[in-house]
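Pasting target.pdb here (PDB, C-alpha atoms, pLDDT in the B column):
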```pdb
ATOM      1  CA  ALA Y   1     168.454  31.468 133.852  1.00 51.00           C
ATOM      2  CA  LYS Y   2     171.421  33.755 133.312  1.00 48.00           C
ATOM      3  CA  LYS Y   3     172.995  33.828 129.924  1.00 53.00           C
ATOM      4  CA  PRO Y   4     176.312  31.885 129.848  1.00 55.00           C
ATOM      5  CA  LEU Y   5     179.416  33.973 129.558  1.00 52.00           C
ATOM      6  CA  PRO Y   6     181.284  33.726 126.303  1.00 54.00           C
ATOM      7  CA  SER Y   7     184.131  31.285 126.350  1.00 50.00           C
ATOM      8  CA  HIS Y   8     186.589  33.649 124.712  1.00 51.00           C
ATOM      9  CA  ARG Y   9     188.503  36.085 126.799  1.00 53.00           C
ATOM     10  CA  LEU Y  10     187.014  39.564 127.217  1.00 54.00           C
ATOM     11  CA  SER Y  11     188.554  42.766 128.426  1.00 60.00           C
ATOM     12  CA  PRO Y  12     187.524  43.993 131.920  1.00 62.00           C
ATOM     13  CA  PHE Y  13     185.579  46.946 130.446  1.00 60.00           C
ATOM     14  CA  ARG Y  14     183.556  44.751 128.115  1.00 65.00           C
ATOM     15  CA  MET Y  15     182.973  42.261 130.946  1.00 62.00           C
ATOM     16  CA  THR Y  16     181.568  45.032 133.135  1.00 68.00           C
ATOM     17  CA  THR Y  17     179.274  46.263 130.350  1.00 71.00           C
ATOM     18  CA  LEU Y  18     178.039  42.736 129.647  1.00 66.00           C
ATOM     19  CA  PHE Y  19     177.230  42.075 133.318  1.00 65.00           C
ATOM     20  CA  LYS Y  20     175.270  45.370 133.491  1.00 71.00           C
ATOM     21  CA  LYS Y  21     173.197  44.406 130.466  1.00 72.00           C
ATOM     22  CA  ILE Y  22     172.440  40.967 131.944  1.00 68.00           C
ATOM     23  CA  GLN Y  23     171.490  42.520 135.303  1.00 66.00           C
ATOM     24  CA  LYS Y  24     169.214  45.065 133.604  1.00 70.00           C
ATOM     25  CA  ALA Y  25     167.541  42.314 131.559  1.00 66.00           C
ATOM     26  CA  ASP Y  26     166.793  40.388 134.764  1.00 62.00           C
ATOM     27  CA  MET Y  27     165.241  43.469 136.400  1.00 63.00           C
ATOM     28  CA  ASN Y  28     163.000  44.152 133.407  1.00 61.00           C
ATOM     29  CA  LYS Y  29     161.963  40.542 132.972  1.00 59.00           C
ATOM     30  CA  GLY Y  30     158.205  40.201 132.904  1.00 55.00           C
ATOM     31  CA  LYS Y  31     157.597  43.899 132.338  1.00 54.00           C
ATOM     32  CA  THR Y  32     156.162  45.482 129.199  1.00 52.00           C
ATOM     33  CA  LYS Y  33     158.682  47.601 127.427  1.00 51.00           C
ATOM     34  CA  VAL Y  34     157.318  50.863 125.996  1.00 50.00           C
ATOM     35  CA  VAL Y  35     159.012  51.950 122.810  1.00 49.00           C
ATOM     36  CA  ILE Y  36     158.427  55.457 121.458  1.00 51.00           C
ATOM     37  CA  GLY Y  37     159.188  55.966 117.792  1.00 53.00           C
ATOM     38  CA  LYS Y  38     157.775  56.670 114.353  1.00 53.00           C
ATOM     39  CA  GLY Y  39     156.544  53.149 113.813  1.00 55.00           C
ATOM     40  CA  GLY Y  40     158.728  52.647 110.804  1.00 55.00           C
ATOM     41  CA  ALA Y  41     157.559  55.840 109.059  1.00 55.00           C
ATOM     42  CA  CYS Y  42     160.158  57.544 106.937  1.00 61.00           C
ATOM     43  CA  SER Y  43     161.226  61.054 107.868  1.00 65.00           C
ATOM     44  CA  SER Y  44     161.009  63.983 105.465  1.00 67.00           C
ATOM     45  CA  LEU Y  45     162.263  67.540 105.343  1.00 74.00           C
ATOM     46  CA  ALA Y  46     159.239  68.690 103.305  1.00 76.00           C
ATOM     47  CA  LYS Y  47     157.016  71.272 104.942  1.00 81.00           C
ATOM     48  CA  PRO Y  48     153.515  70.068 105.872  1.00 80.00           C
ATOM     49  CA  LYS Y  49     150.601  71.283 103.819  1.00 84.00           C
ATOM     50  CA  PRO Y  50     148.865  74.278 105.360  1.00 86.00           C
ATOM     51  CA  LYS Y  51     145.512  73.442 106.896  1.00 85.00           C
ATOM     52  CA  LYS Y  52     142.441  75.242 105.638  1.00 86.00           C
ATOM     53  CA  GLN Y  53     141.229  77.729 108.166  1.00 85.00           C
ATOM     54  CA  PRO Y  54     137.481  77.649 108.746  1.00 85.00           C
ATOM     55  CA  LYS Y  55     135.704  80.631 107.229  1.00 85.00           C
ATOM     56  CA  VAL Y  56     134.273  83.179 109.600  1.00 84.00           C
ATOM     57  CA  PRO Y  57     130.462  82.952 109.346  1.00 82.00           C
ATOM     58  CA  LYS Y  58     128.641  86.003 108.025  1.00 81.00           C
ATOM     59  CA  CYS Y  59     125.227  87.159 109.120  1.00 82.00           C
ATOM     60  CA  GLY Y  60     124.275  88.099 105.542  1.00 82.00           C
ATOM     61  CA  ALA Y  61     122.343  91.243 106.445  1.00 83.00           C
ATOM     62  CA  PHE Y  62     123.027  92.813 103.027  1.00 83.00           C
ATOM     63  CA  LYS Y  63     122.729  89.583 101.056  1.00 87.00           C
ATOM     64  CA  GLU Y  64     120.098  89.538  98.344  1.00 86.00           C
ATOM     65  CA  ARG Y  65     117.158  87.274  99.039  1.00 86.00           C
ATOM     66  CA  LYS Y  66     115.347  85.677  96.150  1.00 84.00           C
ATOM     67  CA  SER Y  67     111.582  85.489  96.200  1.00 81.00           C
ATOM     68  CA  LYS Y  68     110.319  81.992  96.876  1.00 82.00           C
ATOM     69  CA  SER Y  69     107.129  82.424  94.865  1.00 86.00           C
ATOM     70  CA  PRO Y  70     106.327  84.281  91.632  1.00 88.00           C
ATOM     71  CA  SER Y  71     104.598  87.611  91.918  1.00 91.00           C
ATOM     72  CA  LEU Y  72     100.868  88.036  91.431  1.00 93.00           C
ATOM     73  CA  PHE Y  73     101.618  90.296  88.482  1.00 94.00           C
ATOM     74  CA  LYS Y  74     103.432  87.517  86.605  1.00 93.00           C
ATOM     75  CA  THR Y  75     100.659  85.023  87.356  1.00 93.00           C
ATOM     76  CA  PHE Y  76      97.865  87.344  86.211  1.00 94.00           C
ATOM     77  CA  TYR Y  77      99.754  88.550  83.135  1.00 93.00           C
ATOM     78  CA  ASP Y  78     100.545  85.016  81.957  1.00 92.00           C
ATOM     79  CA  ARG Y  79      96.840  84.169  82.259  1.00 92.00           C
ATOM     80  CA  GLY Y  80      95.859  87.253  80.264  1.00 90.00           C
ATOM     81  CA  ASP Y  81      93.923  88.820  83.144  1.00 92.00           C
ATOM     82  CA  LEU Y  82      95.611  92.247  83.025  1.00 92.00           C
ATOM     83  CA  PRO Y  83      94.198  94.913  80.659  1.00 92.00           C
ATOM     84  CA  LEU Y  84      97.516  96.110  79.219  1.00 91.00           C
ATOM     85  CA  GLN Y  85     100.197  95.171  76.739  1.00 89.00           C
ATOM     86  CA  VAL Y  86     103.478  96.406  75.318  1.00 89.00           C
ATOM     87  CA  ALA Y  87     103.169  98.726  72.323  1.00 89.00           C
ATOM     88  CA  PHE Y  88     105.822 100.431  70.230  1.00 87.00           C
ATOM     89  CA  LYS Y  89     105.787 103.969  68.969  1.00 83.00           C
ATOM     90  CA  GLY Y  90     108.765 104.006  66.670  1.00 81.00           C
ATOM     91  CA  PRO Y  91     111.749 102.669  68.662  1.00 84.00           C
ATOM     92  CA  THR Y  92     110.127 103.570  72.012  1.00 87.00           C
ATOM     93  CA  ARG Y  93     108.244 101.128  74.182  1.00 89.00           C
ATOM     94  CA  ARG Y  94     105.101 102.209  75.946  1.00 88.00           C
ATOM     95  CA  VAL Y  95     102.195 100.664  77.835  1.00 90.00           C
ATOM     96  CA  GLN Y  96      98.936 100.324  75.958  1.00 90.00           C
ATOM     97  CA  TRP Y  97      95.884 100.023  78.201  1.00 92.00           C
ATOM     98  CA  ASN Y  98      92.872  98.152  76.884  1.00 91.00           C
ATOM     99  CA  VAL Y  99      90.479 100.044  79.197  1.00 90.00           C
ATOM    100  CA  LYS Y 100      90.338 103.560  80.570  1.00 90.00           C
ATOM    101  CA  LEU Y 101      92.166 104.008  83.845  1.00 88.00           C
ATOM    102  CA  ASP Y 102      89.262 105.747  85.540  1.00 88.00           C
ATOM    103  CA  LYS Y 103      87.163 102.593  85.087  1.00 89.00           C
ATOM    104  CA  LEU Y 104      89.709 100.232  86.667  1.00 90.00           C
ATOM    105  CA  ASP Y 105      89.077  98.642  90.045  1.00 92.00           C
ATOM    106  CA  TYR Y 106      92.045 100.050  91.980  1.00 93.00           C
ATOM    107  CA  GLU Y 107      91.397  97.842  94.997  1.00 93.00           C
ATOM    108  CA  HIS Y 108      91.981  94.783  92.816  1.00 93.00           C
ATOM    109  CA  PHE Y 109      94.639  95.904  90.336  1.00 94.00           C
ATOM    110  CA  LEU Y 110      96.899  98.281  92.299  1.00 94.00           C
ATOM    111  CA  PRO Y 111      98.240  95.626  94.778  1.00 95.00           C
ATOM    112  CA  ILE Y 112      98.946  93.325  91.818  1.00 95.00           C
ATOM    113  CA  PHE Y 113     101.023  95.987  90.066  1.00 95.00           C
ATOM    114  CA  PHE Y 114     102.864  96.819  93.308  1.00 95.00           C
ATOM    115  CA  ASP Y 115     103.736  93.125  93.692  1.00 94.00           C
ATOM    116  CA  GLY Y 116     105.224  93.198  90.190  1.00 93.00           C
ATOM    117  CA  ILE Y 117     107.924  95.691  91.234  1.00 94.00           C
ATOM    118  CA  ARG Y 118     110.089  92.768  92.423  1.00 93.00           C
ATOM    119  CA  GLU Y 119     110.100  91.097  89.009  1.00 92.00           C
ATOM    120  CA  VAL Y 120     113.515  90.779  87.335  1.00 90.00           C
ATOM    121  CA  LYS Y 121     112.554  89.591  83.843  1.00 90.00           C
ATOM    122  CA  GLU Y 122     111.050  91.285  80.830  1.00 88.00           C
ATOM    123  CA  PRO Y 123     108.347  92.159  79.919  1.00 89.00           C
ATOM    124  CA  TYR Y 124     107.141  92.005  83.523  1.00 92.00           C
ATOM    125  CA  ILE Y 125     109.641  94.643  84.715  1.00 93.00           C
ATOM    126  CA  PHE Y 126     108.584  97.230  82.151  1.00 93.00           C
ATOM    127  CA  LEU Y 127     104.842  96.600  82.370  1.00 93.00           C
ATOM    128  CA  ALA Y 128     104.660  96.511  86.174  1.00 94.00           C
ATOM    129  CA  ARG Y 129     106.729  99.641  86.769  1.00 93.00           C
ATOM    130  CA  GLU Y 130     105.175 101.723  84.013  1.00 93.00           C
ATOM    131  CA  GLY Y 131     101.722 100.469  84.969  1.00 93.00           C
ATOM    132  CA  VAL Y 132     102.215 101.538  88.598  1.00 94.00           C
ATOM    133  CA  ARG Y 133     103.249 105.022  87.481  1.00 93.00           C
ATOM    134  CA  ASP Y 134     100.168 105.365  85.279  1.00 92.00           C
ATOM    135  CA  LEU Y 135      97.848 104.169  88.041  1.00 93.00           C
ATOM    136  CA  LEU Y 136      99.358 106.509  90.640  1.00 93.00           C
ATOM    137  CA  LYS Y 137      99.182 109.423  88.224  1.00 91.00           C
ATOM    138  CA  GLU Y 138      95.476 108.952  87.488  1.00 90.00           C
ATOM    139  CA  GLY Y 139      94.332 107.400  90.765  1.00 86.00           C
ATOM    140  CA  SER Y 140      94.110 110.370  93.152  1.00 84.00           C
ATOM    141  CA  SER Y 141      91.412 109.633  95.776  1.00 87.00           C
ATOM    142  CA  LYS Y 142      90.982 106.011  94.602  1.00 91.00           C
ATOM    143  CA  ILE Y 143      94.388 105.102  96.047  1.00 93.00           C
ATOM    144  CA  LEU Y 144      93.681 105.998  99.682  1.00 92.00           C
ATOM    145  CA  PRO Y 145      91.318 103.068 100.509  1.00 93.00           C
ATOM    146  CA  VAL Y 146      93.826 100.588  98.993  1.00 94.00           C
ATOM    147  CA  ILE Y 147      96.792 101.580 101.246  1.00 95.00           C
ATOM    148  CA  PRO Y 148      96.428  98.619 103.714  1.00 94.00           C
ATOM    149  CA  ARG Y 149      96.587  96.146 100.830  1.00 94.00           C
ATOM    150  CA  LEU Y 150      99.782  97.709  99.446  1.00 95.00           C
ATOM    151  CA  ILE Y 151     101.895  97.110 102.562  1.00 95.00           C
ATOM    152  CA  ILE Y 152     102.630  93.413 101.987  1.00 95.00           C
ATOM    153  CA  PRO Y 153     103.848  93.907  98.360  1.00 95.00           C
ATOM    154  CA  ILE Y 154     105.970  96.879  99.505  1.00 95.00           C
ATOM    155  CA  LYS Y 155     107.514  94.893 102.360  1.00 95.00           C
ATOM    156  CA  THR Y 156     108.153  91.862 100.135  1.00 94.00           C
ATOM    157  CA  ALA Y 157     109.992  93.955  97.527  1.00 94.00           C
ATOM    158  CA  LEU Y 158     112.107  95.760 100.140  1.00 94.00           C
ATOM    159  CA  ASN Y 159     113.043  92.509 101.890  1.00 93.00           C
ATOM    160  CA  THR Y 160     114.695  91.164  98.737  1.00 92.00           C
ATOM    161  CA  ARG Y 161     117.621  93.519  99.612  1.00 91.00           C
ATOM    162  CA  SER Y 162     118.306  93.768  95.867  1.00 91.00           C
ATOM    163  CA  ILE Y 163     119.517  97.315  95.209  1.00 91.00           C
ATOM    164  CA  PRO Y 164     117.707  97.801  91.832  1.00 91.00           C
ATOM    165  CA  ILE Y 165     114.420  96.493  93.279  1.00 93.00           C
ATOM    166  CA  VAL Y 166     114.747  98.516  96.497  1.00 94.00           C
ATOM    167  CA  CYS Y 167     115.558 101.683  94.547  1.00 93.00           C
ATOM    168  CA  GLU Y 168     112.552 101.196  92.274  1.00 94.00           C
ATOM    169  CA  MET Y 169     110.239 100.605  95.235  1.00 95.00           C
ATOM    170  CA  ILE Y 170     111.531 103.760  96.954  1.00 95.00           C
ATOM    171  CA  LYS Y 171     110.782 105.767  93.794  1.00 94.00           C
ATOM    172  CA  VAL Y 172     107.270 104.287  93.745  1.00 95.00           C
ATOM    173  CA  LEU Y 173     106.792 105.167  97.426  1.00 95.00           C
ATOM    174  CA  MET Y 174     107.745 108.772  96.733  1.00 94.00           C
ATOM    175  CA  LYS Y 175     105.162 108.938  93.937  1.00 94.00           C
ATOM    176  CA  LEU Y 176     102.620 107.255  96.202  1.00 94.00           C
ATOM    177  CA  VAL Y 177     103.092 109.802  99.002  1.00 94.00           C
ATOM    178  CA  THR Y 178     102.682 112.752  96.636  1.00 92.00           C
ATOM    179  CA  SER Y 179      99.732 111.303  94.693  1.00 92.00           C
ATOM    180  CA  HIS Y 180      97.186 112.473  97.309  1.00 90.00           C
ATOM    181  CA  GLU Y 181      97.376 114.798 100.288  1.00 90.00           C
ATOM    182  CA  LEU Y 182      96.134 112.218 102.831  1.00 91.00           C
ATOM    183  CA  ILE Y 183      98.271 109.243 101.792  1.00 94.00           C
ATOM    184  CA  GLY Y 184     101.323 110.449 103.748  1.00 92.00           C
ATOM    185  CA  GLU Y 185      99.383 110.333 107.016  1.00 93.00           C
ATOM    186  CA  ALA Y 186      97.798 107.003 106.091  1.00 94.00           C
ATOM    187  CA  LEU Y 187     101.273 105.422 105.767  1.00 94.00           C
ATOM    188  CA  VAL Y 188     102.449 106.453 109.264  1.00 94.00           C
ATOM    189  CA  PRO Y 189     100.983 103.378 111.071  1.00 94.00           C
ATOM    190  CA  TYR Y 190     102.867 101.121 108.642  1.00 95.00           C
ATOM    191  CA  TYR Y 191     106.361 102.577 109.191  1.00 95.00           C
ATOM    192  CA  ARG Y 192     107.286  99.511 111.246  1.00 94.00           C
ATOM    193  CA  GLN Y 193     106.867  97.338 108.140  1.00 94.00           C
ATOM    194  CA  ILE Y 194     108.512  99.742 105.683  1.00 94.00           C
ATOM    195  CA  LEU Y 195     111.398 101.443 107.509  1.00 95.00           C
ATOM    196  CA  PRO Y 196     113.556  98.535 108.860  1.00 94.00           C
ATOM    197  CA  VAL Y 197     115.157  98.044 105.433  1.00 93.00           C
ATOM    198  CA  PHE Y 198     115.592 101.821 105.142  1.00 94.00           C
ATOM    199  CA  ASN Y 199     117.542 101.760 108.409  1.00 92.00           C
ATOM    200  CA  LEU Y 200     119.704  98.907 107.125  1.00 92.00           C
ATOM    201  CA  LEU Y 201     120.582 100.435 103.739  1.00 90.00           C
ATOM    202  CA  ARG Y 202     120.516 104.119 104.649  1.00 88.00           C
ATOM    203  CA  HIS Y 203     124.313 104.531 104.634  1.00 85.00           C
ATOM    204  CA  LYS Y 204     124.973 102.218 101.684  1.00 82.00           C
ATOM    205  CA  ASN Y 205     126.229 104.912  99.322  1.00 78.00           C
ATOM    206  CA  LYS Y 206     128.671 104.620  96.453  1.00 71.00           C
ATOM    207  CA  ASN Y 207     132.157 105.791  97.385  1.00 71.00           C
ATOM    208  CA  THR Y 208     133.716 106.874  94.091  1.00 69.00           C
ATOM    209  CA  GLY Y 209     136.467 108.995  95.650  1.00 71.00           C
ATOM    210  CA  ASP Y 210     137.530 111.564  93.076  1.00 74.00           C
ATOM    211  CA  GLY Y 211     135.987 109.564  90.244  1.00 74.00           C
ATOM    212  CA  ILE Y 212     132.808 110.221  88.300  1.00 74.00           C
ATOM    213  CA  ASP Y 213     129.671 108.109  88.577  1.00 72.00           C
ATOM    214  CA  TYR Y 214     128.384 107.986  85.012  1.00 67.00           C
ATOM    215  CA  GLY Y 215     125.253 106.113  86.146  1.00 65.00           C
ATOM    216  CA  GLN Y 216     123.821 109.062  88.094  1.00 71.00           C
ATOM    217  CA  LYS Y 217     121.012 109.426  85.574  1.00 70.00           C
ATOM    218  CA  ASN Y 218     119.708 105.986  86.615  1.00 74.00           C
ATOM    219  CA  ASN Y 219     119.327 107.255  90.205  1.00 74.00           C
ATOM    220  CA  LEU Y 220     120.404 103.960  91.812  1.00 77.00           C
ATOM    221  CA  ASN Y 221     122.221 105.432  94.808  1.00 85.00           C
ATOM    222  CA  VAL Y 222     120.091 103.824  97.495  1.00 89.00           C
ATOM    223  CA  GLY Y 223     121.370 106.000 100.362  1.00 88.00           C
ATOM    224  CA  ASP Y 224     120.369 109.251  98.660  1.00 88.00           C
ATOM    225  CA  LEU Y 225     116.993 107.840  97.634  1.00 92.00           C
ATOM    226  CA  ILE Y 226     116.232 106.784 101.216  1.00 93.00           C
ATOM    227  CA  GLU Y 227     117.075 110.254 102.549  1.00 92.00           C
ATOM    228  CA  GLU Y 228     114.864 111.882  99.933  1.00 92.00           C
ATOM    229  CA  CYS Y 229     112.014 109.467 100.653  1.00 94.00           C
ATOM    230  CA  LEU Y 230     112.235 110.015 104.433  1.00 94.00           C
ATOM    231  CA  GLU Y 231     112.016 113.767 103.915  1.00 93.00           C
ATOM    232  CA  LEU Y 232     108.836 113.293 101.870  1.00 94.00           C
ATOM    233  CA  PHE Y 233     107.433 110.985 104.551  1.00 95.00           C
ATOM    234  CA  GLU Y 234     108.089 113.612 107.207  1.00 93.00           C
ATOM    235  CA  LEU Y 235     106.764 116.470 105.106  1.00 92.00           C
ATOM    236  CA  ASN Y 236     103.520 114.702 104.142  1.00 92.00           C
ATOM    237  CA  GLY Y 237     102.995 112.496 107.193  1.00 90.00           C
ATOM    238  CA  GLY Y 238     101.642 115.073 109.600  1.00 88.00           C
ATOM    239  CA  GLU Y 239     102.675 115.807 113.176  1.00 89.00           C
ATOM    240  CA  ASP Y 240     103.464 112.201 114.170  1.00 90.00           C
ATOM    241  CA  ALA Y 241     105.624 111.374 111.152  1.00 92.00           C
ATOM    242  CA  PHE Y 242     108.959 112.553 112.564  1.00 93.00           C
ATOM    243  CA  ILE Y 243     108.491 110.739 115.903  1.00 93.00           C
ATOM    244  CA  ASN Y 244     107.674 107.462 114.162  1.00 94.00           C
ATOM    245  CA  ILE Y 245     110.569 107.797 111.709  1.00 94.00           C
ATOM    246  CA  LYS Y 246     112.939 108.573 114.602  1.00 93.00           C
ATOM    247  CA  TYR Y 247     111.695 105.500 116.469  1.00 94.00           C
ATOM    248  CA  MET Y 248     112.563 103.193 113.550  1.00 94.00           C
ATOM    249  CA  ILE Y 249     115.700 105.064 112.376  1.00 93.00           C
ATOM    250  CA  PRO Y 250     117.379 106.585 115.470  1.00 92.00           C
ATOM    251  CA  THR Y 251     120.105 108.340 113.442  1.00 91.00           C
ATOM    252  CA  TYR Y 252     117.626 110.240 111.267  1.00 90.00           C
ATOM    253  CA  GLN Y 253     117.862 114.018 111.479  1.00 89.00           C
ATOM    254  CA  SER Y 254     115.040 116.237 110.261  1.00 87.00           C
ATOM    255  CA  ASN Y 255     115.811 118.428 107.263  1.00 76.00           C
ATOM    256  CA  VAL Y 256     112.313 119.809 106.978  1.00 73.00           C
ATOM    257  CA  GLN Y 257     111.920 123.468 107.894  1.00 65.00           C
ATOM    258  CA  ARG Y 258     108.761 124.093 109.858  1.00 59.00           C
ATOM    259  CA  ASN Y 259     107.155 127.465 110.494  1.00 51.00           C
TER     260      ASN Y 259
END
```
Translate the structure of the given file into structure tokens.
Amino acid sequence: AKKPLPSHRLSPFRMTTLFKKIQKADMNKGKTKVVIGKGGACSSLAKPKPKKQPKVPKCGAFKERKSKSPSLFKTFYDRGDLPLQVAFKGPTRRVQWNVKLDKLDYEHFLPIFFDGIREVKEPYIFLAREGVRDLLKEGSSKILPVIPRLIIPIKTALNTRSIPIVCEMIKVLMKLVTSHELIGEALVPYYRQILPVFNLLRHKNKNTGDGIDYGQKNNLNVGDLIEECLELFELNGGEDAFINIKYMIPTYQSNVQRN
């Protein structure tokens, strides 16, 4: 039913407006009225909080990787199965061997000492690294048959991507190559296990600008060490060394002068 008109007198303009409202109400009767609004929320002039942008994922190629298991060197040393100990001569530390090096079983002990290169705690760091140097110095022809068993410890240490550990392993590899005339050629078939990390870290040099690197004596510039080690590999690896190095490190350029 239509709403009754008010009994009091209205002006013609107000009468027209009232009739239009009544007519519109009749047309919309039975229909759902959609109201768009803020739902009673108060308005504010404050700026909204900035949303956190999702971080761009990184591949982590240069990220250090911790070893999941302790090294064989740590296990054997804690059990007292290694024939060496730390000794002091005045303020200087040195390794004291309990047996003569020429009587050691290199096939058993040398891989254990190589696995200890990745240790990061004392006294394992000092004993493993100094022990490897002593064994390589006195080993000569005893080292050659053990080469296949050294590859896994070498690869494990390099894959940690830790610059101090990688640098120490590169120094050990350079001593290994020069310890006997045939070891360089014996390492060529294993370049595929050793050189991928070299290719990754080859250009990771320190950029000091016009500054001075006071840690040069520590020889921890991994890029320079890799270049020096690759030159020794090529020089001592025979005719196939350069081809195999080039296959794994395409940007490598030979610096060895051949007759």
Just the residues within 10 Å of segment 66-75 of chain Y, please, counting only C-alpha atoms, with nothing from its chain fewer than 6 positions along; format it as a PDB file with C-alpha atoms, in the coordinates of the input.
```
ATOM      1  CA  ASP Y  81      93.923  88.820  83.144  1.00 92.00           C
ATOM      2  CA  LEU Y  82      95.611  92.247  83.025  1.00 92.00           C
ATOM      3  CA  PHE Y 109      94.639  95.904  90.336  1.00 94.00           C
ATOM      4  CA  PRO Y 111      98.240  95.626  94.778  1.00 95.00           C
ATOM      5  CA  ILE Y 112      98.946  93.325  91.818  1.00 95.00           C
ATOM      6  CA  PHE Y 113     101.023  95.987  90.066  1.00 95.00           C
ATOM      7  CA  PHE Y 114     102.864  96.819  93.308  1.00 95.00           C
ATOM      8  CA  ASP Y 115     103.736  93.125  93.692  1.00 94.00           C
ATOM      9  CA  GLY Y 116     105.224  93.198  90.190  1.00 93.00           C
ATOM     10  CA  ILE Y 117     107.924  95.691  91.234  1.00 94.00           C
ATOM     11  CA  ARG Y 118     110.089  92.768  92.423  1.00 93.00           C
ATOM     12  CA  GLU Y 119     110.100  91.097  89.009  1.00 92.00           C
ATOM     13  CA  LYS Y 121     112.554  89.591  83.843  1.00 90.00           C
ATOM     14  CA  PRO Y 123     108.347  92.159  79.919  1.00 89.00           C
ATOM     15  CA  TYR Y 124     107.141  92.005  83.523  1.00 92.00           C
ATOM     16  CA  ILE Y 125     109.641  94.643  84.715  1.00 93.00           C
ATOM     17  CA  LEU Y 127     104.842  96.600  82.370  1.00 93.00           C
ATOM     18  CA  ALA Y 128     104.660  96.511  86.174  1.00 94.00           C
ATOM     19  CA  PRO Y 153     103.848  93.907  98.360  1.00 95.00           C
ATOM     20  CA  THR Y 156     108.153  91.862 100.135  1.00 94.00           C
ATOM     21  CA  ALA Y 157     109.992  93.955  97.527  1.00 94.00           C
ATOM     22  CA  ASN Y 159     113.043  92.509 101.890  1.00 93.00           C
ATOM     23  CA  THR Y 160     114.695  91.164  98.737  1.00 92.00           C
ATOM     24  CA  ARG Y 161     117.621  93.519  99.612  1.00 91.00           C
ATOM     25  CA  SER Y 162     118.306  93.768  95.867  1.00 91.00           C
TER      26      SER Y 162
END
```
Students should find that atom CA of Leu136 of chain Y and atom CA of Ser179 of chain Y are spaced 6.3 Å
Restricting the calculation to all atoms listed in the file: of Y:Asn199, Y:Gln216, Y:Lys142, Y:Pro54, which residue gets closest to Lys246 of chain Y? Y:Asn199
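Across the structure, atom CA of Asn236 of chain Y and atom CA of Gly184 of chain Y are spaced 4.8 Å apart.
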With distances taken over all atoms listed in the file, which of Y:Ile212, Y:Met174, Y:Arg94, Y:Val99 is nearest to Cys229 of chain Y? Y:Met174
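Going from atom CA of Asp102 of chain Y over to atom CA of Asp134 of chain Y, you cover 10.9 Å.
Taking only C-alpha atoms, the non-local environment of Val86 of chain Y within 7 Å (same-chain residues fewer than 3 positions away omitted) comprises Arg93, Arg94, Val95 and Gln96 of chain Y.
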Write out as a PyMOL selection string the residues lying within 9 Å of segment 202-209 of chain Y, counting only C-alpha atoms and excluding same-chain residues fewer than 6 positions away. chain Y and resi 221-227
I'd like the residues picked by the PyMOL selection byres ((chain Y and resi 140) around 10) written out as a ChimeraX atom specification, using the chain letters and numbers from the file. /Y:135-139,141-144,176,178-181,183
Closest of Y:Phe126, Y:Phe233, Y:Asn98, Y:Lys89 to Pro189 of chain Y, counting only C-alpha atoms, is Y:Phe233
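Taking only C-alpha atoms into account, the polymer residues that have an atom no farther than 7 Å from (111.2, 117.1, 109.3) are Glu231, Glu234, Leu235, Phe242, Ser254, Asn255, Val256 and Gln257 of chain Y.
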Kindly resolve the PyMOL selection byres ((chain Y and resi 151) around 9) on the present coordinates and return the residues as a PDB file with C-alpha atoms, keeping the file's coordinate frame.
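So the final result, stored in selection.pdb, reads:
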```pdb
ATOM      1  CA  PRO Y 111      98.240  95.626  94.778  1.00 95.00           C
ATOM      2  CA  ILE Y 147      96.792 101.580 101.246  1.00 95.00           C
ATOM      3  CA  PRO Y 148      96.428  98.619 103.714  1.00 94.00           C
ATOM      4  CA  ARG Y 149      96.587  96.146 100.830  1.00 94.00           C
ATOM      5  CA  LEU Y 150      99.782  97.709  99.446  1.00 95.00           C
ATOM      6  CA  ILE Y 152     102.630  93.413 101.987  1.00 95.00           C
ATOM      7  CA  PRO Y 153     103.848  93.907  98.360  1.00 95.00           C
ATOM      8  CA  ILE Y 154     105.970  96.879  99.505  1.00 95.00           C
ATOM      9  CA  LYS Y 155     107.514  94.893 102.360  1.00 95.00           C
ATOM     10  CA  THR Y 156     108.153  91.862 100.135  1.00 94.00           C
ATOM     11  CA  LEU Y 187     101.273 105.422 105.767  1.00 94.00           C
ATOM     12  CA  TYR Y 190     102.867 101.121 108.642  1.00 95.00           C
ATOM     13  CA  GLN Y 193     106.867  97.338 108.140  1.00 94.00           C
ATOM     14  CA  ILE Y 194     108.512  99.742 105.683  1.00 94.00           C
TER      15      ILE Y 194
END
```
